[in-house]
file upload_1.cif (mmCIF, C-alpha atoms)
data_run
#
loop_
_atom_site.label_atom_id
_atom_site.label_comp_id
_atom_site.auth_asym_id
_atom_site.auth_seq_id
_atom_site.Cartn_x
_atom_site.Cartn_y
_atom_site.Cartn_z
CA MET A 1 0.00 0.00 0.00
CA GLN A 2 1.36 3.41 -0.89
CA GLY A 3 0.27 6.53 0.96
CA TYR A 4 -0.81 9.77 -0.63
CA SER A 5 1.93 12.21 -1.57
CA ASN A 6 -0.41 15.22 -1.31
CA ARG A 7 -2.57 14.26 1.69
CA LEU A 8 -2.15 13.03 5.22
CA CYS A 9 -5.06 10.86 6.38
CA THR A 10 -4.55 11.91 10.01
CA ALA A 11 -4.64 15.67 9.26
CA SER A 12 -7.93 17.27 10.33
CA VAL A 13 -9.20 18.58 7.00
CA THR A 14 -12.80 18.80 5.84
CA PRO A 15 -13.20 16.65 2.71
CA SER A 16 -14.55 18.37 -0.38
CA THR A 17 -18.05 17.51 -1.61
CA ASN A 18 -16.49 15.29 -4.27
CA GLU A 19 -14.28 13.53 -1.70
CA LEU A 20 -17.33 12.85 0.49
CA VAL A 21 -19.02 11.04 -2.41
CA PHE A 22 -16.00 8.71 -2.49
CA GLY A 23 -16.05 8.21 1.30
CA TYR A 24 -12.87 10.08 2.23
CA TYR A 25 -12.15 10.95 5.86
CA PHE A 26 -9.27 13.07 7.17
CA GLY A 27 -8.58 13.34 10.89
CA SER A 28 -8.00 11.32 14.03
CA GLY A 29 -8.22 7.63 13.18
CA GLY A 30 -7.79 8.29 9.45
CA ARG A 31 -5.75 5.63 7.64
CA CYS A 32 -4.98 4.82 4.00
CA THR A 33 -6.91 1.69 3.08
CA GLY A 34 -7.34 -0.25 -0.14
CA VAL A 35 -10.77 -0.13 -1.78
CA THR A 36 -12.48 -1.26 -4.96
CA GLY A 37 -15.23 0.87 -6.46
CA LEU A 38 -16.04 2.63 -3.17
CA ILE A 39 -18.58 5.39 -3.83
CA GLN A 40 -21.92 6.55 -2.45
CA THR A 41 -24.88 4.57 -3.71
CA GLY A 42 -26.47 6.33 -6.69
CA TYR A 43 -23.19 7.80 -7.96
CA SER A 44 -20.69 6.49 -10.48
CA GLY A 45 -17.07 7.30 -11.11
CA THR A 46 -13.57 6.23 -10.19
CA ASP A 47 -11.08 7.72 -7.80
CA GLY A 48 -8.26 5.22 -7.42
CA ASN A 49 -7.90 2.15 -5.27
CA PHE A 50 -6.99 3.77 -1.95
CA ARG A 51 -8.92 5.98 0.46
CA CYS A 52 -8.36 7.74 3.72
CA LEU A 53 -11.03 6.09 5.86
CA GLN A 54 -11.79 6.27 9.58
CA LEU A 55 -10.65 3.15 11.46
CA ARG A 56 -10.72 2.01 15.06
CA CYS A 57 -9.58 -1.13 16.88
CA PRO A 58 -11.99 -2.45 19.52
CA ASN A 59 -9.79 -3.68 22.39
CA GLY A 60 -6.85 -3.61 19.94
CA ALA A 61 -7.82 -7.02 18.55
CA ARG A 62 -9.71 -6.24 15.32
CA ILE A 63 -10.54 -3.37 12.98
CA GLN A 64 -13.76 -1.50 12.35
CA VAL A 65 -14.28 0.96 9.47
CA LYS A 66 -16.59 3.95 9.17
CA VAL A 67 -17.37 5.45 5.77
CA GLY A 68 -19.11 8.82 5.74
CA ASN A 69 -21.97 8.80 8.23
CA SER A 70 -22.30 5.02 8.15
CA ALA A 71 -22.34 2.82 11.20
CA TRP A 72 -19.04 1.18 12.11
CA VAL A 73 -18.59 -2.05 10.12
CA ASP A 74 -16.46 -4.99 11.16
CA CYS A 75 -13.43 -6.25 9.34
CA PRO A 76 -12.77 -9.95 10.02
CA VAL A 77 -13.42 -10.39 13.75
CA ASP A 78 -10.32 -12.56 14.21
CA GLY A 79 -8.09 -9.61 13.20
CA ASP A 80 -7.00 -11.17 9.91
CA ALA A 81 -6.89 -9.26 6.62
CA GLY A 82 -9.91 -9.56 4.38
CA THR A 83 -12.29 -7.80 2.03
CA ILE A 84 -15.66 -6.54 3.23
CA ALA A 85 -18.67 -5.00 1.51
CA ALA A 86 -19.11 -1.25 1.81
CA PRO A 87 -21.55 -0.15 4.52
CA SER A 88 -25.11 0.93 3.82
CA GLY A 89 -25.21 4.06 1.66
CA PHE A 90 -22.07 3.08 -0.26
CA GLN A 91 -21.17 0.49 -2.87
CA GLY A 92 -17.90 -1.30 -3.48
CA THR A 93 -15.51 -3.14 -1.16
CA ILE A 94 -12.92 -2.27 1.47
CA ASP A 95 -9.65 -4.15 1.94
CA CYS A 96 -9.04 -4.64 5.64
CA PRO A 97 -5.43 -4.90 6.78
CA THR A 98 -4.51 -7.16 9.69
CA ALA A 99 -5.18 -5.76 13.13
CA ALA A 100 -1.57 -6.51 14.05
CA SER A 101 -0.29 -4.22 11.29
CA MET A 102 -2.74 -1.36 11.87
CA CYS A 103 -3.85 -1.17 15.50
CA ASP A 104 -1.87 1.32 17.55
CA SER A 105 -2.63 3.44 20.60
CA GLU A 106 -4.43 6.07 18.50
CA LEU A 107 -6.85 3.53 17.01
CA TYR A 108 -7.40 1.60 20.26
CA PHE A 109 -11.04 1.66 21.33
CA ALA A 110 -11.94 0.14 24.68
CA VAL A 111 -15.03 -2.03 24.62
CA SER A 112 -16.43 -3.06 27.96
CA THR A 113 -18.53 -6.13 28.31
CA THR A 114 -21.54 -5.89 30.51
CA ALA A 115 -22.21 -8.89 32.66
CA GLY A 116 -25.72 -10.28 32.64
CA PRO A 117 -27.95 -10.01 35.68
CA THR A 118 -26.84 -11.79 38.78
CA THR A 119 -29.36 -14.14 40.32
CA THR A 120 -29.39 -15.41 43.83
CA ASN A 121 -31.13 -18.60 44.83
CA THR A 122 -33.34 -17.75 47.80
CA GLU A 123 -34.88 -21.20 48.19
CA ALA A 124 -34.44 -22.71 51.62
CA TRP A 125 -32.99 -26.20 51.81
CA THR A 126 -34.62 -28.46 54.30
CA THR A 127 -33.42 -31.74 55.61
CA ILE A 128 -35.99 -34.53 55.59
CA ALA A 129 -35.69 -36.68 58.68
#
call {"tool": "encode", "arguments": {"input": "upload_1.cif", "output": "structure tokens"}}
result
Amino acid sequence: MQGYSNRLCTASVTPSTNELVFGYYFGSGGRCTGVTGLIQTGYSGTDGNFRCLQLRCPNGARIQVKVGNSAWVDCPVDGDAGTIAAPSGFQGTIDCPTAASMCDSELYFAVSTTAGPTTTNTEAWTTIA
């Protein structure tokens, strides 16, 4: 993967209207990621095979991607590389790198697990004589 020579994905810059159609994101969590045909649904055009997209790493073990105002979408949950479908509102695919190669302290996102309700058995045990 080769980064942009004229852009820095981590620089806080508002994408142009045209860049938004292609799903670009510039700012905290921005990373250069491979894509194929990534564009908003209802549009057509080409803009290369790489995008600055917003990434995060839940508990540092896997990658999630956000394109535009989409919900976060999961890359392979085991942290391996893989190709995923674009989120709702976009078409195309996103190439997910391995979590080991991408997840750093900036992308780390703590996910807490909530334990289910605790139950206590209040039945009395009696001894039968």
call {"tool": "resolve_selection", "arguments": {"input": "upload_1.cif", "expression": "the PyMOL selection byres ((chain A and resi 18) around 12)", "output": "ChimeraX atom specification"}}
result
/A:14-17,19-25,39-40,43-47
call {"tool": "atom_distance", "arguments": {"input": "upload_1.cif", "atom1": "atom CA of A:Gly92", "atom2": "atom CA of A:Gln54"}}
result
16.3 Å
call {"tool": "atom_distance", "arguments": {"input": "upload_1.cif", "atom1": "atom CA of A:Asp104", "atom2": "atom CA of A:Trp72"}}
result
18.0 Å
call {"tool": "atom_distance", "arguments": {"input": "upload_1.cif", "atom1": "atom CA of A:Ile84", "atom2": "atom CA of A:Gln64"}}
result
10.6 Å
call {"tool": "closest_residue", "arguments": {"input": "upload_1.cif", "among": "A:Asn69, A:Thr10, A:Thr83, A:Thr93", "to": "A:Cys52", "atoms": "all atoms listed in the file"}}
result
A:Thr10
call {"tool": "closest_residue", "arguments": {"input": "upload_1.cif", "among": "A:Ala85, A:Ser12, A:Ile94, A:Ser70", "to": "A:Phe50", "atoms": "all atoms listed in the file"}}
result
A:Ile94
call {"tool": "closest_residue", "arguments": {"input": "upload_1.cif", "among": "A:Gly30, A:Gly82, A:Gly42, A:Gly48", "to": "A:Val67", "atoms": "all atoms listed in the file"}}
result
A:Gly30
call {"tool": "decode", "arguments": {"input": "upload_1.cif", "residues": "stretch 4-22 of chain A", "atoms": "N, CA, C and O atoms", "output": "CSV table (one decimal), in the first residue's frame"}}
result
chain,number,residue,atom,x,y,z
A,4,TYR,N,-0.7,8.6,0.2
A,4,TYR,CA,-0.8,9.8,-0.6
A,4,TYR,C,0.4,10.7,-0.5
A,4,TYR,O,1.0,10.8,0.6
A,5,SER,N,0.8,11.3,-1.6
A,5,SER,CA,1.9,12.2,-1.6
A,5,SER,C,1.4,13.6,-1.3
A,5,SER,O,2.2,14.5,-0.9
A,6,ASN,N,0.1,13.9,-1.5
A,6,ASN,CA,-0.4,15.2,-1.3
A,6,ASN,C,-1.4,15.3,-0.2
A,6,ASN,O,-2.1,16.4,0.0
A,7,ARG,N,-1.6,14.3,0.6
A,7,ARG,CA,-2.6,14.3,1.7
A,7,ARG,C,-2.0,13.4,2.9
A,7,ARG,O,-1.3,12.5,2.7
A,8,LEU,N,-2.5,13.8,4.0
A,8,LEU,CA,-2.2,13.0,5.2
A,8,LEU,C,-3.5,12.6,5.8
A,8,LEU,O,-4.3,13.5,6.3
A,9,CYS,N,-3.8,11.3,5.9
A,9,CYS,CA,-5.1,10.9,6.4
A,9,CYS,C,-5.4,11.3,7.8
A,9,CYS,O,-6.5,11.4,8.2
A,10,THR,N,-4.3,11.5,8.6
A,10,THR,CA,-4.5,11.9,10.0
A,10,THR,C,-4.7,13.4,10.2
A,10,THR,O,-5.0,13.9,11.3
A,11,ALA,N,-4.5,14.2,9.2
A,11,ALA,CA,-4.6,15.7,9.3
A,11,ALA,C,-6.1,16.1,9.3
A,11,ALA,O,-6.9,15.6,8.4
A,12,SER,N,-6.5,16.9,10.2
A,12,SER,CA,-7.9,17.3,10.3
A,12,SER,C,-8.3,18.3,9.2
A,12,SER,O,-8.0,19.5,9.4
A,13,VAL,N,-8.8,17.8,8.1
A,13,VAL,CA,-9.2,18.6,7.0
A,13,VAL,C,-10.6,18.2,6.6
A,13,VAL,O,-10.9,17.0,6.6
A,14,THR,N,-11.5,19.1,6.3
A,14,THR,CA,-12.8,18.8,5.8
A,14,THR,C,-12.7,18.3,4.4
A,14,THR,O,-12.2,19.1,3.5
A,15,PRO,N,-13.2,17.1,4.1
A,15,PRO,CA,-13.2,16.6,2.7
A,15,PRO,C,-14.1,17.5,1.8
A,15,PRO,O,-15.1,18.0,2.3
A,16,SER,N,-13.7,17.6,0.6
A,16,SER,CA,-14.5,18.4,-0.4
A,16,SER,C,-15.8,17.6,-0.6
A,16,SER,O,-15.9,16.4,-0.3
A,17,THR,N,-16.8,18.2,-1.3
A,17,THR,CA,-18.0,17.5,-1.6
A,17,THR,C,-17.8,16.3,-2.5
A,17,THR,O,-18.3,15.2,-2.2
A,18,ASN,N,-16.9,16.4,-3.4
A,18,ASN,CA,-16.5,15.3,-4.3
A,18,ASN,C,-15.8,14.2,-3.5
A,18,ASN,O,-16.1,13.0,-3.6
A,19,GLU,N,-15.0,14.5,-2.5
A,19,GLU,CA,-14.3,13.5,-1.7
A,19,GLU,C,-15.3,12.8,-0.8
A,19,GLU,O,-15.1,11.6,-0.6
A,20,LEU,N,-16.3,13.5,-0.3
A,20,LEU,CA,-17.3,12.8,0.5
A,20,LEU,C,-18.1,11.8,-0.3
A,20,LEU,O,-18.4,10.7,0.3
A,21,VAL,N,-18.3,12.0,-1.6
A,21,VAL,CA,-19.0,11.0,-2.4
A,21,VAL,C,-18.2,9.7,-2.5
A,21,VAL,O,-18.7,8.6,-2.5
A,22,PHE,N,-16.9,9.9,-2.4
A,22,PHE,CA,-16.0,8.7,-2.5
A,22,PHE,C,-15.7,8.2,-1.1
A,22,PHE,O,-14.9,7.2,-1.0
